[in-house]
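Peer 1: My file is upload-v9.cif. It has mmCIF, C-alpha atoms:
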data_protein
#
loop_
_atom_site.label_atom_id
_atom_site.label_comp_id
_atom_site.auth_asym_id
_atom_site.auth_seq_id
_atom_site.Cartn_x
_atom_site.Cartn_y
_atom_site.Cartn_z
CA MET A 1 34.01 25.62 -22.74
CA ASN A 2 32.66 27.20 -19.56
CA VAL A 3 33.63 30.86 -19.46
CA LYS A 4 33.69 32.24 -15.93
CA GLY A 5 31.93 35.59 -15.72
CA GLU A 6 31.45 38.05 -12.88
CA MET A 7 31.11 36.92 -9.29
CA LEU A 8 27.48 36.50 -8.33
CA TYR A 9 27.98 35.75 -4.64
CA GLU A 10 30.71 35.18 -2.05
CA GLY A 11 30.04 33.20 1.10
CA LYS A 12 32.17 32.03 3.99
CA ALA A 13 33.64 29.06 2.14
CA LYS A 14 32.74 29.48 -1.54
CA GLN A 15 32.43 31.93 -4.41
CA VAL A 16 29.81 31.65 -7.16
CA PHE A 17 30.41 32.97 -10.68
CA LEU A 18 28.10 33.49 -13.63
CA THR A 19 28.72 31.65 -16.92
CA GLU A 20 27.53 32.27 -20.49
CA ASN A 21 24.69 29.84 -19.72
CA PRO A 22 22.03 31.50 -17.49
CA GLU A 23 21.12 28.06 -16.11
CA GLU A 24 24.67 27.24 -14.92
CA VAL A 25 27.16 28.78 -12.49
CA ILE A 26 30.69 27.99 -11.37
CA VAL A 27 31.37 27.36 -7.68
CA ARG A 28 34.90 27.97 -6.36
CA PHE A 29 35.87 26.43 -3.00
CA LYS A 30 38.02 28.63 -0.74
CA ASP A 31 40.54 27.70 1.95
CA ASP A 32 38.80 30.05 4.42
CA ALA A 33 37.21 28.49 7.49
CA THR A 34 34.66 29.93 9.90
CA ALA A 35 32.94 28.64 13.01
CA PHE A 36 30.45 29.80 15.62
CA ASN A 37 28.54 31.98 13.13
CA ALA A 38 31.82 33.41 11.76
CA GLN A 39 33.04 34.55 15.20
CA LYS A 40 36.06 32.30 14.65
CA ARG A 41 37.91 32.64 11.36
CA GLY A 42 40.90 30.96 9.84
CA SER A 43 42.32 29.34 6.75
CA PHE A 44 44.07 26.06 6.16
CA ASP A 45 45.97 24.50 3.32
CA LYS A 46 44.12 22.41 0.70
CA LYS A 47 40.71 22.84 2.35
CA GLY A 48 39.12 24.18 -0.84
CA GLU A 49 40.66 21.45 -2.99
CA MET A 50 39.60 18.69 -0.60
CA ASN A 51 36.02 19.97 -0.20
CA ASN A 52 35.68 20.25 -3.99
CA ALA A 53 37.00 16.73 -4.51
CA ILE A 54 34.96 15.19 -1.67
CA THR A 55 31.74 16.94 -2.74
CA THR A 56 32.30 15.78 -6.33
CA LEU A 57 32.66 12.13 -5.28
CA ILE A 58 29.67 12.23 -2.91
CA PHE A 59 27.37 14.04 -5.36
CA GLU A 60 28.31 11.56 -8.11
CA TYR A 61 27.58 8.69 -5.70
CA LEU A 62 24.20 10.19 -4.79
CA LYS A 63 23.35 10.74 -8.46
CA GLU A 64 24.02 7.05 -9.15
CA LYS A 65 21.55 6.26 -6.36
CA GLY A 66 18.84 8.44 -7.91
CA VAL A 67 19.26 11.66 -5.90
CA GLU A 68 19.11 14.74 -8.11
CA THR A 69 21.70 17.41 -7.33
CA HIS A 70 22.88 20.69 -8.83
CA PHE A 71 26.30 19.18 -9.63
CA ILE A 72 27.27 18.92 -13.32
CA LYS A 73 31.03 18.36 -13.36
CA GLN A 74 34.32 19.19 -11.65
CA LEU A 75 36.28 21.76 -13.65
CA ASP A 76 39.60 21.82 -11.79
CA ALA A 77 41.05 21.41 -8.30
CA ARG A 78 38.89 24.17 -6.81
CA GLU A 79 35.95 24.69 -9.14
CA GLN A 80 32.88 22.85 -10.31
CA LEU A 81 30.09 23.60 -12.74
CA VAL A 82 26.60 23.37 -11.25
CA ARG A 83 23.00 24.08 -12.17
CA LYS A 84 21.84 27.48 -11.03
CA VAL A 85 19.21 27.09 -8.34
CA SER A 86 17.36 29.34 -5.96
CA ILE A 87 18.58 28.26 -2.53
CA ILE A 88 15.76 27.62 -0.06
CA PRO A 89 16.68 29.66 3.07
CA LEU A 90 16.53 26.64 5.36
CA GLU A 91 19.43 24.43 6.45
CA MET A 92 18.31 20.83 6.82
CA VAL A 93 20.20 19.33 9.77
CA VAL A 94 20.29 15.57 10.40
CA ARG A 95 21.50 14.11 13.69
CA ASN A 96 22.22 10.40 14.09
CA TYR A 97 24.27 10.90 17.28
CA THR A 98 24.39 13.67 19.86
CA ALA A 99 27.09 16.28 19.30
CA GLY A 100 27.77 19.98 19.07
CA SER A 101 25.00 22.51 19.69
CA MET A 102 22.34 19.84 20.26
CA ALA A 103 24.34 18.19 23.04
CA GLN A 104 24.91 21.61 24.63
CA ARG A 105 21.31 22.71 24.23
CA LEU A 106 19.89 19.53 25.77
CA GLY A 107 22.61 19.04 28.38
CA VAL A 108 23.58 15.56 27.18
CA GLU A 109 26.90 13.90 26.42
CA GLU A 110 28.27 13.78 22.91
CA GLY A 111 28.28 10.48 21.06
CA ILE A 112 24.93 9.03 22.14
CA LYS A 113 23.31 7.15 19.26
CA SER A 114 19.74 8.32 18.82
CA PRO A 115 17.03 5.65 18.52
CA ILE A 116 15.48 7.82 15.80
CA THR A 117 16.88 10.15 13.18
CA ILE A 118 16.59 13.71 14.48
CA PHE A 119 15.82 16.50 12.00
CA ASP A 120 16.36 20.18 12.72
CA ILE A 121 15.89 23.16 10.44
CA CYS A 122 17.73 26.45 10.72
CA TYR A 123 16.71 29.73 9.13
CA LYS A 124 19.55 30.89 6.86
CA LYS A 125 19.97 34.44 8.08
CA ASP A 126 23.52 35.46 8.97
CA GLU A 127 22.49 38.54 10.91
CA LEU A 128 20.33 36.36 13.19
CA GLY A 129 22.94 33.63 13.56
CA ASP A 130 20.99 31.06 11.50
CA PRO A 131 18.49 30.34 14.31
CA LEU A 132 16.91 26.95 14.94
CA ILE A 133 13.24 27.12 13.92
CA ASN A 134 10.34 24.71 13.44
CA ASP A 135 8.08 23.91 10.50
CA TYR A 136 5.47 26.48 11.52
CA HIS A 137 8.09 29.24 11.61
CA ALA A 138 9.34 28.17 8.17
CA ILE A 139 5.83 28.38 6.71
CA PHE A 140 5.15 31.71 8.47
CA LEU A 141 8.39 33.15 7.04
CA GLY A 142 7.44 32.01 3.54
CA ALA A 143 10.61 29.91 3.31
CA ALA A 144 8.65 26.82 2.27
CA THR A 145 5.12 25.47 2.09
CA ARG A 146 3.94 22.41 4.03
CA GLU A 147 4.13 20.34 0.85
CA GLU A 148 7.66 21.56 0.14
CA LEU A 149 8.76 20.78 3.68
CA ASP A 150 7.43 17.24 3.31
CA GLN A 151 9.47 16.85 0.11
CA MET A 152 12.54 18.33 1.80
CA TYR A 153 12.34 15.98 4.80
CA ALA A 154 11.86 12.95 2.53
CA LEU A 155 14.82 13.91 0.35
CA THR A 156 17.00 14.62 3.39
CA ALA A 157 16.10 11.25 4.96
CA ARG A 158 17.01 9.47 1.72
CA ILE A 159 20.36 11.27 1.58
CA ASN A 160 21.03 10.34 5.22
CA ASP A 161 20.41 6.65 4.53
CA LEU A 162 22.74 6.69 1.53
CA LEU A 163 25.48 8.60 3.37
CA ILE A 164 25.34 6.29 6.40
CA GLU A 165 25.83 3.35 4.02
CA LEU A 166 28.74 5.08 2.24
CA PHE A 167 30.56 6.19 5.39
CA GLU A 168 30.07 2.75 6.92
CA ARG A 169 32.20 1.41 4.06
CA MET A 170 34.85 3.94 5.10
CA ASN A 171 34.73 2.82 8.76
CA ILE A 172 33.33 6.26 9.62
CA ILE A 173 30.40 7.19 11.86
CA LEU A 174 28.17 9.84 10.28
CA VAL A 175 27.35 11.72 13.47
CA ASP A 176 25.40 14.59 11.91
CA PHE A 177 25.37 16.84 8.86
CA LYS A 178 23.63 19.76 7.26
CA ILE A 179 22.59 20.26 3.66
CA GLU A 180 21.07 23.00 1.56
CA LEU A 181 18.37 22.43 -1.01
CA GLY A 182 17.50 24.59 -3.97
CA LYS A 183 14.76 25.05 -6.55
CA THR A 184 15.48 24.74 -10.25
CA SER A 185 13.97 27.18 -12.74
CA ASP A 186 11.03 24.79 -13.13
CA GLY A 187 10.45 24.59 -9.37
CA LYS A 188 11.98 21.18 -8.63
CA ILE A 189 13.67 20.78 -5.22
CA ILE A 190 17.17 19.28 -5.48
CA LEU A 191 20.32 18.95 -3.40
CA ALA A 192 22.72 21.91 -3.71
CA ASP A 193 25.75 23.45 -1.96
CA GLU A 194 28.22 20.79 -0.73
CA ILE A 195 28.69 17.70 1.41
CA SER A 196 32.13 17.67 2.98
CA PRO A 197 33.93 17.64 6.35
CA ASP A 198 32.85 21.29 6.60
CA THR A 199 29.20 20.23 6.72
CA CYS A 200 29.39 16.80 8.42
CA ARG A 201 30.65 15.42 11.70
CA LEU A 202 32.68 12.32 10.85
CA TRP A 203 34.26 10.11 13.52
CA ASP A 204 36.55 7.15 12.99
CA LYS A 205 34.62 4.08 14.08
CA ASP A 206 37.52 2.48 15.96
CA THR A 207 39.24 5.44 17.59
CA MET A 208 36.38 8.03 17.59
CA LYS A 209 38.89 10.52 16.18
CA LYS A 210 37.16 13.54 14.70
CA LEU A 211 37.83 13.90 10.96
CA ASP A 212 35.88 17.08 10.23
CA LYS A 213 35.68 20.82 10.88
CA ASP A 214 35.51 20.24 14.64
CA ARG A 215 39.30 19.94 14.41
CA PHE A 216 39.27 23.65 13.51
CA ARG A 217 36.40 24.63 15.81
CA ARG A 218 38.03 22.99 18.83
CA ASP A 219 41.68 23.71 18.01
CA LEU A 220 42.51 20.01 17.72
CA GLY A 221 45.08 20.49 14.97
CA GLU A 222 45.72 18.28 11.93
CA VAL A 223 42.82 19.85 10.05
CA THR A 224 44.21 19.39 6.54
CA GLU A 225 45.29 15.84 7.39
CA ALA A 226 41.73 14.94 8.48
CA TYR A 227 40.21 16.26 5.24
CA VAL A 228 42.80 14.42 3.15
CA GLU A 229 42.07 11.21 5.09
CA ILE A 230 38.34 11.49 4.38
CA TYR A 231 39.07 12.03 0.68
CA GLU A 232 41.41 9.04 0.49
CA ARG A 233 39.00 6.74 2.35
CA LEU A 234 36.18 7.92 0.08
CA GLN A 235 38.20 7.13 -3.03
CA THR A 236 38.95 3.65 -1.71
CA ALA A 237 35.34 2.96 -0.72
CA LEU A 238 33.95 4.04 -4.08
CA ALA A 239 36.56 2.07 -6.02
CA LYS A 240 35.34 -1.23 -4.53
#
Just give me the structure of the file as structure tokens.

Peer 2:
Amino acid sequence: MNVKGEMLYEGKAKQVFLTENPEEVIVRFKDDATAFNAQKRGSFDKKGEMNNAITTLIFEYLKEKGVETHFIKQLDAREQLVRKVSIIPLEMVVRNYTAGSMAQRLGVEEGIKSPITIFDICYKKDELGDPLINDYHAIFLGAATREELDQMYALTARINDLLIELFERMNIILVDFKIELGKTSDGKIILADEISPDTCRLWDKDTMKKLDKDRFRRDLGEVTEAYVEIYERLQTALAK
């Protein structure tokens, strides 16, 4: 029995609750959606349920492949039990194709396949708009040591390889994604937060249709339908 206690934290898309176990918390996925550093806000049906279900399937897949995550189990349609970690204040961003802010920043078209995997890091600081920084900034800020950054890049690269393989089975291009990593009470760095259409750019391989949060960001419509499609394709791919 996992008794949900007081709310520890509320973010843009999730709430975190204490449990009777100091090493575990409950994460609740909301239907709220934000974009452009929360300048655009909205909500759409089933988003929380789909992100919970998709994250569960992906984290279970990654665990089978040897990637340690904070995920313990799904509790219901919107909630999951996870290990309590101290989130490292750096978003690890992986870009396999050009899109979004990178395409704008560099003045290039979207959809160009990069000959190398591109890694960015962003400083998790809402009041600054989560700015793009480099390794030296991260070390200066005390967000991570050089050794920790090396571990974080290696773990992120491994996750990218596994996700590319998984989405390939779904006939989906993994354009880019961002993840958050956390430290356990004994200092181990593991995957935390979520992996979902909120945190990935996912394009259908045949039609290039966007099946992710860009449908909300860019007012493309059919947001819920896109998330449901990713969930259904994921179920099919993992059942094989």

Peer 1: Ranking A:Arg41, A:Asn171, A:Glu6, A:Ala13 by minimum distance to Arg217 (chain A) and counting only C-alpha atoms, which one comes first?

Peer 2: A:Arg41

Peer 1: Show me a table, sorted first by chain and then by increasing residue number, of the residues of region 72-141 of chain A having an atom at most 9 Å from region 190-212 of chain A, each with its shortest atom pair and the distance in Å to one decimal, counting only C-alpha atoms and written as a Markdown table.

Peer 2:
| residue | atom | partner | partner_atom | distance |
| --- | --- | --- | --- | --- |
| A:Val82 | CA | A:Ala192 | CA | 8.6 |
| A:Arg83 | CA | A:Ala192 | CA | 8.7 |
| A:Val85 | CA | A:Ala192 | CA | 7.8 |
| A:Ile87 | CA | A:Ala192 | CA | 7.7 |
| A:Ala99 | CA | A:Arg201 | CA | 8.4 |

Peer 1: Apply the PyMOL selection byres ((chain A and resi 141-153) around 12) to the structure shown and report the selected residues as a PyMOL selection string.

Peer 2: chain A and resi 86-94+117-125+133-140+154-160+179-183+187-191

Peer 1: Give me the residues near Leu163 (chain A) as an NGL selection string, where near means some atom within 9 Å (using only C-alpha atoms) and where sequence neighbours in that chain fewer than 4 positions away do not count.

Peer 2: :A and (58 or 62 or 158-159 or 167-168 or 174)

Peer 1: To one decimal in Å, tell me the separation between CA of Lys113 (chain A) and CA of Val223 (chain A).

Peer 2: 25.0 Å

Peer 1: Would you mind listing what lies within 10 Å of region 18-30 of chain A as a VMD selection string, with only C-alpha atoms counted and same-chain residues fewer than 2 positions away left out?

Peer 2: chain A and resid 1 to 16 32 to 33 43 to 53 70 to 85 184 to 185 193 to 194

Peer 1: Enclose region 140-150 of chain A, meaning all of its atoms listed in the file, in a box aligned along x, y and z, pad it by 4 Å on each side, and list the centre and edge lengths in Å to one decimal, as lines of an AutoDock Vina configuration file.

Peer 2:
center_x = 7.3
center_y = 25.2
center_z = 4.3
size_x = 14.7
size_y = 23.9
size_z = 16.3

Peer 1: Between A:Ala237, A:Ile173, A:Met102, A:Leu162, which has the minimum distance to Lys65 (chain A) (counting all atoms listed in the file)?

Peer 2: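 Of A:Ala237, A:Ile173, A:Met102, A:Leu162, the one nearest Lys65 (chain A), counting all atoms listed in the file, is A:Leu162.
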
Peer 1: Tell me, in Å to one decimal, how far CA of Tyr61 (chain A) is from CA of Phe17 (chain A).

Peer 2: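 Distance between the two atoms: 24.9 Å.
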
Peer 1: Using CA of Thr56 (chain A) and CA of Thr69 (chain A) as the two end points, give the distance in Å to one decimal.

Peer 2: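 We find that CA of Thr56 (chain A) and CA of Thr69 (chain A) lie 10.8 Å from each other.
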
Peer 1: Where atoms are absent from region 84-97 of chain A, fill them in so it carries N, CA, C and O atoms, then output it as a PDB file, in the coordinates of the input.

Peer 2:
ATOM      1  N   LYS A  84      22.233  26.333 -11.834  1.00  0.00           N
ATOM      2  CA  LYS A  84      21.840  27.480 -11.030  1.00  0.00           C
ATOM      3  C   LYS A  84      20.499  27.190 -10.371  1.00  0.00           C
ATOM      4  O   LYS A  84      19.540  26.807 -11.050  1.00  0.00           O
ATOM      5  N   VAL A  85      20.449  27.316  -9.071  1.00  0.00           N
ATOM      6  CA  VAL A  85      19.210  27.090  -8.340  1.00  0.00           C
ATOM      7  C   VAL A  85      18.951  28.266  -7.406  1.00  0.00           C
ATOM      8  O   VAL A  85      19.854  29.031  -7.086  1.00  0.00           O
ATOM      9  N   SER A  86      17.735  28.365  -6.988  1.00  0.00           N
ATOM     10  CA  SER A  86      17.360  29.340  -5.960  1.00  0.00           C
ATOM     11  C   SER A  86      17.416  28.610  -4.619  1.00  0.00           C
ATOM     12  O   SER A  86      16.604  27.714  -4.356  1.00  0.00           O
ATOM     13  N   ILE A  87      18.395  28.964  -3.793  1.00  0.00           N
ATOM     14  CA  ILE A  87      18.580  28.260  -2.530  1.00  0.00           C
ATOM     15  C   ILE A  87      17.408  28.535  -1.578  1.00  0.00           C
ATOM     16  O   ILE A  87      17.041  29.692  -1.348  1.00  0.00           O
ATOM     17  N   ILE A  88      16.824  27.488  -1.063  1.00  0.00           N
ATOM     18  CA  ILE A  88      15.760  27.620  -0.060  1.00  0.00           C
ATOM     19  C   ILE A  88      16.436  28.057   1.253  1.00  0.00           C
ATOM     20  O   ILE A  88      17.406  27.441   1.673  1.00  0.00           O
ATOM     21  N   PRO A  89      15.956  29.108   1.914  1.00  0.00           N
ATOM     22  CA  PRO A  89      16.680  29.660   3.070  1.00  0.00           C
ATOM     23  C   PRO A  89      16.505  28.845   4.363  1.00  0.00           C
ATOM     24  O   PRO A  89      16.268  29.398   5.438  1.00  0.00           O
ATOM     25  N   LEU A  90      16.634  27.541   4.216  1.00  0.00           N
ATOM     26  CA  LEU A  90      16.530  26.640   5.360  1.00  0.00           C
ATOM     27  C   LEU A  90      17.667  25.619   5.293  1.00  0.00           C
ATOM     28  O   LEU A  90      17.828  24.956   4.267  1.00  0.00           O
ATOM     29  N   GLU A  91      18.447  25.501   6.362  1.00  0.00           N
ATOM     30  CA  GLU A  91      19.430  24.430   6.450  1.00  0.00           C
ATOM     31  C   GLU A  91      18.737  23.205   7.018  1.00  0.00           C
ATOM     32  O   GLU A  91      18.097  23.281   8.069  1.00  0.00           O
ATOM     33  N   MET A  92      18.861  22.084   6.331  1.00  0.00           N
ATOM     34  CA  MET A  92      18.310  20.830   6.820  1.00  0.00           C
ATOM     35  C   MET A  92      19.411  20.124   7.611  1.00  0.00           C
ATOM     36  O   MET A  92      20.461  19.781   7.054  1.00  0.00           O
ATOM     37  N   VAL A  93      19.192  19.931   8.886  1.00  0.00           N
ATOM     38  CA  VAL A  93      20.200  19.330   9.770  1.00  0.00           C
ATOM     39  C   VAL A  93      19.724  17.943  10.185  1.00  0.00           C
ATOM     40  O   VAL A  93      18.577  17.770  10.613  1.00  0.00           O
ATOM     41  N   VAL A  94      20.601  16.957  10.041  1.00  0.00           N
ATOM     42  CA  VAL A  94      20.290  15.570  10.400  1.00  0.00           C
ATOM     43  C   VAL A  94      21.241  15.135  11.505  1.00  0.00           C
ATOM     44  O   VAL A  94      22.453  15.313  11.399  1.00  0.00           O
ATOM     45  N   ARG A  95      20.681  14.550  12.557  1.00  0.00           N
ATOM     46  CA  ARG A  95      21.500  14.110  13.690  1.00  0.00           C
ATOM     47  C   ARG A  95      21.254  12.632  13.967  1.00  0.00           C
ATOM     48  O   ARG A  95      20.142  12.246  14.323  1.00  0.00           O
ATOM     49  N   ASN A  96      22.291  11.832  13.775  1.00  0.00           N
ATOM     50  CA  ASN A  96      22.220  10.400  14.090  1.00  0.00           C
ATOM     51  C   ASN A  96      22.775  10.112  15.477  1.00  0.00           C
ATOM     52  O   ASN A  96      22.414   9.107  16.097  1.00  0.00           O
ATOM     53  N   TYR A  97      23.666  10.986  15.948  1.00  0.00           N
ATOM     54  CA  TYR A  97      24.270  10.900  17.280  1.00  0.00           C
ATOM     55  C   TYR A  97      24.243  12.298  17.887  1.00  0.00           C
ATOM     56  O   TYR A  97      24.181  13.299  17.164  1.00  0.00           O
TER      57      TYR A  97
END
